[in-house]
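Undergrad: Hey, dropping entry_9.pdb in here, PDB, C-alpha atoms:
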ATOM      1  CA  MET A  10      92.816 159.668  63.301  1.00  0.00           C
ATOM      2  CA  ASN A  11      89.397 161.330  63.585  1.00  0.00           C
ATOM      3  CA  LYS A  12      87.800 158.525  61.564  1.00  0.00           C
ATOM      4  CA  ALA A  13      89.312 155.905  63.865  1.00  0.00           C
ATOM      5  CA  LEU A  14      88.151 157.787  66.962  1.00  0.00           C
ATOM      6  CA  LYS A  15      84.672 158.198  65.519  1.00  0.00           C
ATOM      7  CA  THR A  16      84.440 154.458  64.830  1.00  0.00           C
ATOM      8  CA  LYS A  17      85.571 153.626  68.373  1.00  0.00           C
ATOM      9  CA  GLU A  18      83.057 156.126  69.743  1.00  0.00           C
ATOM     10  CA  GLU A  19      80.242 154.554  67.720  1.00  0.00           C
ATOM     11  CA  ASP A  20      81.298 151.125  69.010  1.00  0.00           C
ATOM     12  CA  SER A  21      81.084 152.488  72.611  1.00  0.00           C
ATOM     13  CA  ILE A  22      84.759 151.787  73.204  1.00  0.00           C
ATOM     14  CA  ILE A  23      85.630 155.437  73.892  1.00  0.00           C
ATOM     15  CA  TYR A  24      83.770 158.642  74.659  1.00  0.00           C
ATOM     16  CA  ARG A  25      84.594 162.262  73.887  1.00  0.00           C
ATOM     17  CA  ARG A  26      83.827 165.358  75.911  1.00  0.00           C
ATOM     18  CA  GLY A  27      85.242 168.313  74.070  1.00  0.00           C
ATOM     19  CA  ARG A  28      88.970 167.682  73.756  1.00  0.00           C
ATOM     20  CA  ILE A  29      88.978 164.899  76.360  1.00  0.00           C
ATOM     21  CA  ILE A  30      88.911 161.327  75.105  1.00  0.00           C
ATOM     22  CA  GLY A  31      88.035 158.655  77.652  1.00  0.00           C
ATOM     23  CA  LEU A  32      88.098 154.900  77.572  1.00  0.00           C
ATOM     24  CA  ARG A  33      84.732 153.218  78.116  1.00  0.00           C
ATOM     25  CA  ASP A  34      85.486 149.559  77.292  1.00  0.00           C
ATOM     26  CA  ALA A  35      89.135 148.579  77.661  1.00  0.00           C
ATOM     27  CA  ASP A  36      88.576 144.892  76.889  1.00  0.00           C
ATOM     28  CA  SER A  37      86.972 145.717  73.534  1.00  0.00           C
ATOM     29  CA  LEU A  38      89.805 148.118  72.711  1.00  0.00           C
ATOM     30  CA  LEU A  39      92.386 145.401  73.401  1.00  0.00           C
ATOM     31  CA  ALA A  40      90.439 142.925  71.247  1.00  0.00           C
ATOM     32  CA  VAL A  41      90.362 145.429  68.359  1.00  0.00           C
ATOM     33  CA  LEU A  42      94.077 146.142  68.761  1.00  0.00           C
ATOM     34  CA  LYS A  43      94.906 142.414  68.715  1.00  0.00           C
ATOM     35  CA  LYS A  44      92.731 141.825  65.659  1.00  0.00           C
ATOM     36  CA  ASN A  45      94.308 144.688  63.678  1.00  0.00           C
ATOM     37  CA  HIS A  46      97.897 144.363  64.927  1.00  0.00           C
ATOM     38  CA  LYS A  47     100.625 143.984  62.312  1.00  0.00           C
ATOM     39  CA  ARG A  48     103.952 142.685  63.505  1.00  0.00           C
ATOM     40  CA  GLY A  49     107.023 144.790  62.957  1.00  0.00           C
ATOM     41  CA  LYS A  50     109.193 143.778  60.041  1.00  0.00           C
ATOM     42  CA  VAL A  51     112.177 141.608  60.922  1.00  0.00           C
ATOM     43  CA  VAL A  52     115.050 142.690  58.661  1.00  0.00           C
ATOM     44  CA  LYS A  53     117.395 139.814  59.601  1.00  0.00           C
ATOM     45  CA  ARG A  54     117.056 136.764  61.803  1.00  0.00           C
ATOM     46  CA  HIS A  55     120.031 134.816  63.177  1.00  0.00           C
ATOM     47  CA  TYR A  56     119.667 131.428  64.876  1.00  0.00           C
ATOM     48  CA  VAL A  57     122.872 130.904  66.836  1.00  0.00           C
ATOM     49  CA  THR A  58     124.486 128.582  69.336  1.00  0.00           C
ATOM     50  CA  LYS A  59     126.134 130.089  72.395  1.00  0.00           C
ATOM     51  CA  PRO A  60     129.905 129.878  72.726  1.00  0.00           C
ATOM     52  CA  ARG A  61     130.825 127.786  75.785  1.00  0.00           C
ATOM     53  CA  ASP A  62     132.967 130.399  77.496  1.00  0.00           C
ATOM     54  CA  ILE A  63     130.543 133.314  77.073  1.00  0.00           C
ATOM     55  CA  GLY A  64     127.591 133.866  79.392  1.00  0.00           C
ATOM     56  CA  ILE A  65     124.325 135.633  78.735  1.00  0.00           C
ATOM     57  CA  GLN A  66     125.315 138.503  81.054  1.00  0.00           C
ATOM     58  CA  GLN A  67     128.400 139.200  78.906  1.00  0.00           C
ATOM     59  CA  ILE A  68     126.210 139.461  75.823  1.00  0.00           C
ATOM     60  CA  ILE A  69     123.768 141.784  77.594  1.00  0.00           C
ATOM     61  CA  ASN A  70     126.615 143.949  78.936  1.00  0.00           C
ATOM     62  CA  PHE A  71     128.080 144.227  75.439  1.00  0.00           C
ATOM     63  CA  MET A  72     124.740 145.302  73.951  1.00  0.00           C
ATOM     64  CA  ASN A  73     124.283 147.938  76.646  1.00  0.00           C
ATOM     65  CA  ASN A  74     127.848 149.287  76.290  1.00  0.00           C
ATOM     66  CA  ALA A  75     127.792 149.218  72.477  1.00  0.00           C
ATOM     67  CA  ASP A  76     124.561 151.226  72.395  1.00  0.00           C
ATOM     68  CA  ILE A  77     122.661 148.425  70.718  1.00  0.00           C
ATOM     69  CA  ARG A  78     118.966 148.995  71.297  1.00  0.00           C
ATOM     70  CA  TRP A  79     117.507 145.663  72.367  1.00  0.00           C
ATOM     71  CA  SER A  80     114.842 143.815  74.280  1.00  0.00           C
ATOM     72  CA  HIS A  81     113.831 140.228  74.768  1.00  0.00           C
ATOM     73  CA  SER A  82     111.234 139.112  72.252  1.00  0.00           C
ATOM     74  CA  PRO A  83     107.639 139.073  73.518  1.00  0.00           C
ATOM     75  CA  LEU A  84     107.647 135.278  73.799  1.00  0.00           C
ATOM     76  CA  SER A  85     110.938 135.249  75.743  1.00  0.00           C
ATOM     77  CA  SER A  86     109.727 138.133  77.918  1.00  0.00           C
ATOM     78  CA  LEU A  87     106.875 135.939  79.153  1.00  0.00           C
ATOM     79  CA  HIS A  88     109.471 133.633  80.712  1.00  0.00           C
ATOM     80  CA  TYR A  89     110.382 136.412  83.138  1.00  0.00           C
ATOM     81  CA  THR A  90     106.973 137.992  83.799  1.00  0.00           C
ATOM     82  CA  GLN A  91     104.669 134.962  83.879  1.00  0.00           C
ATOM     83  CA  ASN A  92     104.998 131.436  85.173  1.00  0.00           C
ATOM     84  CA  PHE A  93     105.789 130.254  81.661  1.00  0.00           C
ATOM     85  CA  LYS A  94     108.494 127.923  80.467  1.00  0.00           C
ATOM     86  CA  GLU A  95     108.513 126.806  76.870  1.00  0.00           C
ATOM     87  CA  PRO A  96     111.482 124.999  75.377  1.00  0.00           C
ATOM     88  CA  GLY A  97     113.359 126.797  72.683  1.00  0.00           C
ATOM     89  CA  PRO A  98     115.946 129.485  72.153  1.00  0.00           C
ATOM     90  CA  LEU A  99     115.982 132.789  74.033  1.00  0.00           C
ATOM     91  CA  GLY A 100     114.818 135.534  71.682  1.00  0.00           C
ATOM     92  CA  PHE A 101     116.250 139.027  71.369  1.00  0.00           C
ATOM     93  CA  ARG A 102     115.185 141.968  69.236  1.00  0.00           C
ATOM     94  CA  VAL A 103     118.076 144.213  68.320  1.00  0.00           C
ATOM     95  CA  ASN A 104     118.641 147.190  66.075  1.00  0.00           C
ATOM     96  CA  ASN A 105     122.113 146.099  64.908  1.00  0.00           C
ATOM     97  CA  SER A 106     122.571 142.355  64.532  1.00  0.00           C
ATOM     98  CA  GLU A 107     125.776 142.667  62.494  1.00  0.00           C
ATOM     99  CA  LEU A 108     127.627 144.424  65.321  1.00  0.00           C
ATOM    100  CA  LEU A 109     126.434 141.801  67.794  1.00  0.00           C
ATOM    101  CA  MET A 110     127.311 138.895  65.496  1.00  0.00           C
ATOM    102  CA  SER A 111     130.800 140.286  64.865  1.00  0.00           C
ATOM    103  CA  ALA A 112     131.538 140.732  68.585  1.00  0.00           C
ATOM    104  CA  PHE A 113     131.121 137.077  69.606  1.00  0.00           C
ATOM    105  CA  PRO A 114     132.068 133.739  68.029  1.00  0.00           C
ATOM    106  CA  PHE A 115     128.480 132.616  67.542  1.00  0.00           C
ATOM    107  CA  GLU A 116     127.842 129.694  65.241  1.00  0.00           C
ATOM    108  CA  GLU A 117     124.792 130.121  63.035  1.00  0.00           C
ATOM    109  CA  THR A 118     122.396 127.274  62.469  1.00  0.00           C
ATOM    110  CA  HIS A 119     119.344 127.054  60.273  1.00  0.00           C
ATOM    111  CA  LEU A 120     117.475 124.817  62.703  1.00  0.00           C
ATOM    112  CA  LEU A 121     115.492 126.534  65.423  1.00  0.00           C
ATOM    113  CA  GLY A 122     115.743 123.446  67.651  1.00  0.00           C
ATOM    114  CA  GLN A 123     119.547 123.647  67.719  1.00  0.00           C
ATOM    115  CA  ALA A 124     119.748 127.368  68.498  1.00  0.00           C
ATOM    116  CA  ASP A 125     120.421 128.823  71.944  1.00  0.00           C
ATOM    117  CA  PHE A 126     119.530 132.358  70.869  1.00  0.00           C
ATOM    118  CA  VAL A 127     117.532 134.047  68.134  1.00  0.00           C
ATOM    119  CA  PHE A 128     118.579 137.591  67.231  1.00  0.00           C
ATOM    120  CA  GLU A 129     115.945 139.446  65.227  1.00  0.00           C
ATOM    121  CA  GLU A 130     116.950 142.771  63.740  1.00  0.00           C
ATOM    122  CA  VAL A 131     113.933 145.059  63.943  1.00  0.00           C
ATOM    123  CA  THR A 132     114.060 148.661  62.769  1.00  0.00           C
ATOM    124  CA  GLU A 133     110.729 149.720  64.332  1.00  0.00           C
ATOM    125  CA  PRO A 134     111.693 152.036  67.223  1.00  0.00           C
ATOM    126  CA  LEU A 135     108.556 151.203  69.215  1.00  0.00           C
ATOM    127  CA  THR A 136     109.999 147.718  69.777  1.00  0.00           C
ATOM    128  CA  TYR A 137     112.493 149.230  72.205  1.00  0.00           C
ATOM    129  CA  TYR A 138     110.124 151.782  73.750  1.00  0.00           C
ATOM    130  CA  ASN A 139     108.608 151.263  77.178  1.00  0.00           C
ATOM    131  CA  THR A 140     110.529 148.103  77.979  1.00  0.00           C
ATOM    132  CA  THR A 141     110.595 146.664  81.490  1.00  0.00           C
ATOM    133  CA  ILE A 142     114.094 146.480  82.944  1.00  0.00           C
ATOM    134  CA  LEU A 143     114.733 143.792  85.556  1.00  0.00           C
ATOM    135  CA  GLN A 144     117.480 143.892  88.186  1.00  0.00           C
ATOM    136  CA  ALA A 145     119.625 141.584  86.064  1.00  0.00           C
ATOM    137  CA  VAL A 146     119.555 144.374  83.430  1.00  0.00           C
ATOM    138  CA  ARG A 147     117.305 142.343  81.178  1.00  0.00           C
ATOM    139  CA  ARG A 148     114.999 144.383  78.960  1.00  0.00           C
ATOM    140  CA  LEU A 149     111.604 142.815  78.471  1.00  0.00           C
ATOM    141  CA  SER A 150     108.984 143.636  75.875  1.00  0.00           C
ATOM    142  CA  ASN A 151     106.110 145.516  77.474  1.00  0.00           C
ATOM    143  CA  ASP A 152     102.887 143.718  78.392  1.00  0.00           C
ATOM    144  CA  LEU A 153     100.911 145.196  75.497  1.00  0.00           C
ATOM    145  CA  GLU A 154     103.454 144.023  72.946  1.00  0.00           C
ATOM    146  CA  CYS A 155     103.454 140.530  74.516  1.00  0.00           C
ATOM    147  CA  TYR A 156      99.650 140.431  74.409  1.00  0.00           C
ATOM    148  CA  LEU A 157      99.506 141.557  70.780  1.00  0.00           C
ATOM    149  CA  GLU A 158     102.287 139.366  69.410  1.00  0.00           C
ATOM    150  CA  VAL A 159     102.248 136.067  71.282  1.00  0.00           C
ATOM    151  CA  ASN A 160      99.776 133.696  69.679  1.00  0.00           C
ATOM    152  CA  PRO A 161      97.870 131.583  72.202  1.00  0.00           C
ATOM    153  CA  ASP A 162      98.335 128.542  69.980  1.00  0.00           C
ATOM    154  CA  ASN A 163      98.888 126.116  72.841  1.00  0.00           C
ATOM    155  CA  GLU A 164      97.603 125.751  76.384  1.00  0.00           C
ATOM    156  CA  GLN A 165     100.797 127.041  78.035  1.00  0.00           C
ATOM    157  CA  ARG A 166     100.862 130.238  75.956  1.00  0.00           C
ATOM    158  CA  GLU A 167      97.152 130.842  76.442  1.00  0.00           C
ATOM    159  CA  LYS A 168      97.587 130.549  80.211  1.00  0.00           C
ATOM    160  CA  ALA A 169     100.627 132.852  80.164  1.00  0.00           C
ATOM    161  CA  ILE A 170      98.884 135.681  78.314  1.00  0.00           C
ATOM    162  CA  LYS A 171      95.574 135.332  80.153  1.00  0.00           C
ATOM    163  CA  SER A 172      96.551 137.814  82.898  1.00  0.00           C
ATOM    164  CA  LEU A 173      98.058 140.376  80.527  1.00  0.00           C
ATOM    165  CA  PRO A 174      94.848 142.282  79.637  1.00  0.00           C
ATOM    166  CA  ALA A 175      94.127 142.966  83.316  1.00  0.00           C
ATOM    167  CA  ARG A 176      97.706 144.151  83.884  1.00  0.00           C
ATOM    168  CA  ILE A 177      97.559 146.419  80.826  1.00  0.00           C
ATOM    169  CA  ILE A 178      94.220 147.906  81.870  1.00  0.00           C
ATOM    170  CA  ASP A 179      95.315 148.375  85.501  1.00  0.00           C
ATOM    171  CA  ARG A 180      98.356 150.307  84.366  1.00  0.00           C
ATOM    172  CA  GLY A 181      96.220 152.548  82.180  1.00  0.00           C
ATOM    173  CA  TYR A 182      93.946 153.530  85.035  1.00  0.00           C
ATOM    174  CA  HIS A 183      96.581 154.010  87.695  1.00  0.00           C
ATOM    175  CA  LYS A 184      95.548 156.844  90.041  1.00  0.00           C
ATOM    176  CA  GLU A 185      98.972 158.492  89.901  1.00  0.00           C
ATOM    177  CA  MET A 186      98.746 158.762  86.112  1.00  0.00           C
ATOM    178  CA  ARG A 187      95.278 160.267  86.374  1.00  0.00           C
ATOM    179  CA  LYS A 188      96.529 162.834  88.883  1.00  0.00           C
ATOM    180  CA  LYS A 189      99.507 163.655  86.697  1.00  0.00           C
ATOM    181  CA  TYR A 190      97.487 163.952  83.466  1.00  0.00           C
ATOM    182  CA  PRO A 191      93.944 164.940  84.457  1.00  0.00           C
ATOM    183  CA  LYS A 192      93.127 166.583  81.136  1.00  0.00           C
ATOM    184  CA  LEU A 193      94.260 163.538  79.203  1.00  0.00           C
ATOM    185  CA  LEU A 194      92.607 160.842  81.323  1.00  0.00           C
ATOM    186  CA  GLY A 195      89.599 162.663  82.766  1.00  0.00           C
ATOM    187  CA  LYS A 196      88.455 162.774  86.382  1.00  0.00           C
ATOM    188  CA  LEU A 197      88.395 159.785  88.712  1.00  0.00           C
TER
END
Now that the file is in, can you turn its structure into structure tokens?

TA:
Amino acid sequence: MNKALKTKEEDSIIYRRGRIIGLRDADSLLAVLKKNHKRGKVVKRHYVTKPRDIGIQQIINFMNNADIRWSHSPLSSLHYTQNFKEPGPLGFRVNNSELLMSAFPFEETHLLGQADFVFEEVTEPLTYYNTTILQAVRRLSNDLECYLEVNPDNEQREKAIKSLPARIIDRGYHKEMRKKYPKLLGKL
């Protein structure tokens, strides 16, 4: 950890004053994070078609009641937080795909284009940490995870993730957080 901090300090990304560590260049820090980010390991992936008589809210209610940790995938989360619509199945990250698959009569397909949903079993607990919960009880991947994992490989995706760095940085410098944690974040 000290070596990483020292490198960031030498690159003028952070500064240290005693035990306080401050952020000097948030954009550079995000660029370094994106460059060095390694995606969490997907243990299982299920491409499924939705049963006709079962709605998305029923599936979400089941996951919440069955204590399945879940969130929408970063790409699917962008559909709800940005003006972004890309054709394809709705993605979920779950910690127990077998329980979910056994609870509903999903039909698996091997073709992404035929799937309504993609359930990725991810064991990394940070996937479910700091999610955004909408009124419809949808759990979205946080902005940082969306920024790190969604590749801007087409114009629509690039446009959708363009505003994320500013939102991430604004949240990090929020005055209430600085008041609450003055030793951690330094003075205003």

Undergrad: Can you pull out the residues contacting Asn105 of chain A? Cut-off 7 Å, using only C-alpha atoms, and skip same-chain residues under 2 positions away; I want them as a list in words.

TA: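 Residues near the query, excluding close chain neighbours: Ile77, Val103, Glu107, Leu108, Leu109 and Glu130 of chain A.
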
Undergrad: Using the chain letters and numbers from this file, what does the PyMOL selection byres ((chain A and resi 168) around 12) select? Give the answer as a list in words.

TA: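 Listing what the PyMOL selection byres ((chain A and resi 168) around 12) selects in the shown file: Leu87, Gln91, Asn92, Phe93, Lys94, Tyr156, Val159, Asn160, Pro161, Asp162, Asn163, Glu164, Gln165, Arg166, Glu167, Ala169, Ile170, Lys171, Ser172 and Leu173 of chain A.
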
Undergrad: When you look at segment 42-48 of chain A with a cut-off of 12 Å (counting all atoms listed in the file), what residues show up, excluding the ones that are within fewer than 6 positions of it in the same chain? I need them as a PyMOL selection string.

TA: chain A and resi 13+17+22+35-36+82-83+131-133+135-136+153-161+174

Undergrad: Check the smallest atom-to-atom distance from each of A:Asp152, A:Asp76, A:Asp34, A:Asp62 to Thr140 of chain A using all atoms listed in the file, then report the winner.

TA: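 For Thr140 of chain A, the nearest of the given residues is A:Asp152.
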
Undergrad: For this structure, which residues satisfy the selection - the PyMOL selection byres ((chain A and resi 121) around 12) - when it is evaluated on the file as given? I want them as a PDB file with C-alpha atoms, in the frame of the given file.

TA:
ATOM      1  CA  ARG A  54     117.056 136.764  61.803  1.00  0.00           C
ATOM      2  CA  HIS A  55     120.031 134.816  63.177  1.00  0.00           C
ATOM      3  CA  TYR A  56     119.667 131.428  64.876  1.00  0.00           C
ATOM      4  CA  VAL A  57     122.872 130.904  66.836  1.00  0.00           C
ATOM      5  CA  THR A  58     124.486 128.582  69.336  1.00  0.00           C
ATOM      6  CA  PRO A  96     111.482 124.999  75.377  1.00  0.00           C
ATOM      7  CA  GLY A  97     113.359 126.797  72.683  1.00  0.00           C
ATOM      8  CA  PRO A  98     115.946 129.485  72.153  1.00  0.00           C
ATOM      9  CA  LEU A  99     115.982 132.789  74.033  1.00  0.00           C
ATOM     10  CA  GLY A 100     114.818 135.534  71.682  1.00  0.00           C
ATOM     11  CA  GLU A 117     124.792 130.121  63.035  1.00  0.00           C
ATOM     12  CA  THR A 118     122.396 127.274  62.469  1.00  0.00           C
ATOM     13  CA  HIS A 119     119.344 127.054  60.273  1.00  0.00           C
ATOM     14  CA  LEU A 120     117.475 124.817  62.703  1.00  0.00           C
ATOM     15  CA  GLY A 122     115.743 123.446  67.651  1.00  0.00           C
ATOM     16  CA  GLN A 123     119.547 123.647  67.719  1.00  0.00           C
ATOM     17  CA  ALA A 124     119.748 127.368  68.498  1.00  0.00           C
ATOM     18  CA  ASP A 125     120.421 128.823  71.944  1.00  0.00           C
ATOM     19  CA  PHE A 126     119.530 132.358  70.869  1.00  0.00           C
ATOM     20  CA  VAL A 127     117.532 134.047  68.134  1.00  0.00           C
ATOM     21  CA  PHE A 128     118.579 137.591  67.231  1.00  0.00           C
TER      22      PHE A 128
END

Undergrad: Out of A:Asp179, A:Glu95, A:Arg25, A:Asp20, which residue has the shortest atom-to-atom distance to Ser37 of chain A when counting only C-alpha atoms?

TA: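 For Ser37 of chain A, the nearest of the given residues is A:Asp20.
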
Undergrad: Quick one: everything within 12 Å of Gln66 of chain A, counting all atoms listed in the file, minus sequence neighbours fewer than 5 positions away in the same chain. Send it as a compact mmCIF listing (two decimals) with C-alpha atoms, in the coordinates of the input.

TA:
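Result went into result.txt, see below:
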# COMPACT_ATOMS: atom_id res chain seq x y z
CA PHE A 71 128.08 144.23 75.44
CA MET A 72 124.74 145.30 73.95
CA ASN A 73 124.28 147.94 76.65
CA GLN A 144 117.48 143.89 88.19
CA ALA A 145 119.62 141.58 86.06
CA VAL A 146 119.56 144.37 83.43
CA ARG A 147 117.30 142.34 81.18

Undergrad: Rebuild segment 153-172 of chain A so that it carries N, CA, C and O atoms, then output the result as a CSV table (one decimal), in the coordinates of the input.

TA:
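part-v5.csv, written as the output of this step:
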chain,number,residue,atom,x,y,z
A,153,LEU,N,101.8,145.0,76.7
A,153,LEU,CA,100.9,145.2,75.5
A,153,LEU,C,101.5,144.5,74.3
A,153,LEU,O,100.8,143.8,73.6
A,154,GLU,N,102.8,144.7,74.1
A,154,GLU,CA,103.5,144.0,72.9
A,154,GLU,C,103.4,142.5,73.1
A,154,GLU,O,103.1,141.8,72.1
A,155,CYS,N,103.6,142.0,74.3
A,155,CYS,CA,103.5,140.5,74.5
A,155,CYS,C,102.0,140.1,74.2
A,155,CYS,O,101.9,139.0,73.5
A,156,TYR,N,101.0,140.8,74.6
A,156,TYR,CA,99.6,140.4,74.4
A,156,TYR,C,99.3,140.4,72.9
A,156,TYR,O,98.7,139.5,72.4
A,157,LEU,N,99.8,141.4,72.2
A,157,LEU,CA,99.5,141.6,70.8
A,157,LEU,C,100.2,140.5,69.9
A,157,LEU,O,99.7,140.1,68.9
A,158,GLU,N,101.5,140.2,70.3
A,158,GLU,CA,102.3,139.4,69.4
A,158,GLU,C,102.4,137.9,69.7
A,158,GLU,O,102.6,137.1,68.8
A,159,VAL,N,102.1,137.5,71.0
A,159,VAL,CA,102.2,136.1,71.3
A,159,VAL,C,100.9,135.4,71.0
A,159,VAL,O,99.9,135.8,71.5
A,160,ASN,N,101.0,134.4,70.1
A,160,ASN,CA,99.8,133.7,69.7
A,160,ASN,C,99.5,132.6,70.7
A,160,ASN,O,100.3,131.8,71.1
A,161,PRO,N,98.2,132.6,71.2
A,161,PRO,CA,97.9,131.6,72.2
A,161,PRO,C,97.6,130.3,71.5
A,161,PRO,O,96.5,129.7,71.6
A,162,ASP,N,98.6,129.7,70.8
A,162,ASP,CA,98.3,128.5,70.0
A,162,ASP,C,98.6,127.2,70.7
A,162,ASP,O,98.5,126.2,70.1
A,163,ASN,N,98.9,127.3,72.0
A,163,ASN,CA,98.9,126.1,72.8
A,163,ASN,C,98.4,126.5,74.3
A,163,ASN,O,98.3,127.7,74.6
A,164,GLU,N,98.2,125.5,75.1
A,164,GLU,CA,97.6,125.8,76.4
A,164,GLU,C,98.5,126.6,77.3
A,164,GLU,O,98.1,127.5,78.0
A,165,GLN,N,99.8,126.3,77.2
A,165,GLN,CA,100.8,127.0,78.0
A,165,GLN,C,100.8,128.5,77.7
A,165,GLN,O,100.8,129.4,78.5
A,166,ARG,N,100.8,128.8,76.4
A,166,ARG,CA,100.9,130.2,76.0
A,166,ARG,C,99.6,130.9,76.3
A,166,ARG,O,99.6,132.1,76.7
A,167,GLU,N,98.5,130.2,76.1
A,167,GLU,CA,97.2,130.8,76.4
A,167,GLU,C,97.1,131.2,77.9
A,167,GLU,O,96.6,132.3,78.3
A,168,LYS,N,97.6,130.3,78.8
A,168,LYS,CA,97.6,130.5,80.2
A,168,LYS,C,98.5,131.7,80.6
A,168,LYS,O,98.2,132.5,81.4
A,169,ALA,N,99.6,131.8,79.9
A,169,ALA,CA,100.6,132.9,80.2
A,169,ALA,C,100.1,134.2,79.8
A,169,ALA,O,100.4,135.2,80.5
A,170,ILE,N,99.3,134.4,78.7
A,170,ILE,CA,98.9,135.7,78.3
A,170,ILE,C,97.5,136.0,78.9
A,170,ILE,O,97.0,137.1,78.7
A,171,LYS,N,96.9,135.1,79.6
A,171,LYS,CA,95.6,135.3,80.2
A,171,LYS,C,95.5,136.5,81.1
A,171,LYS,O,94.5,137.3,81.1
A,172,SER,N,96.6,136.7,81.9
A,172,SER,CA,96.6,137.8,82.9
A,172,SER,C,97.0,139.2,82.3
A,172,SER,O,96.9,140.2,83.0
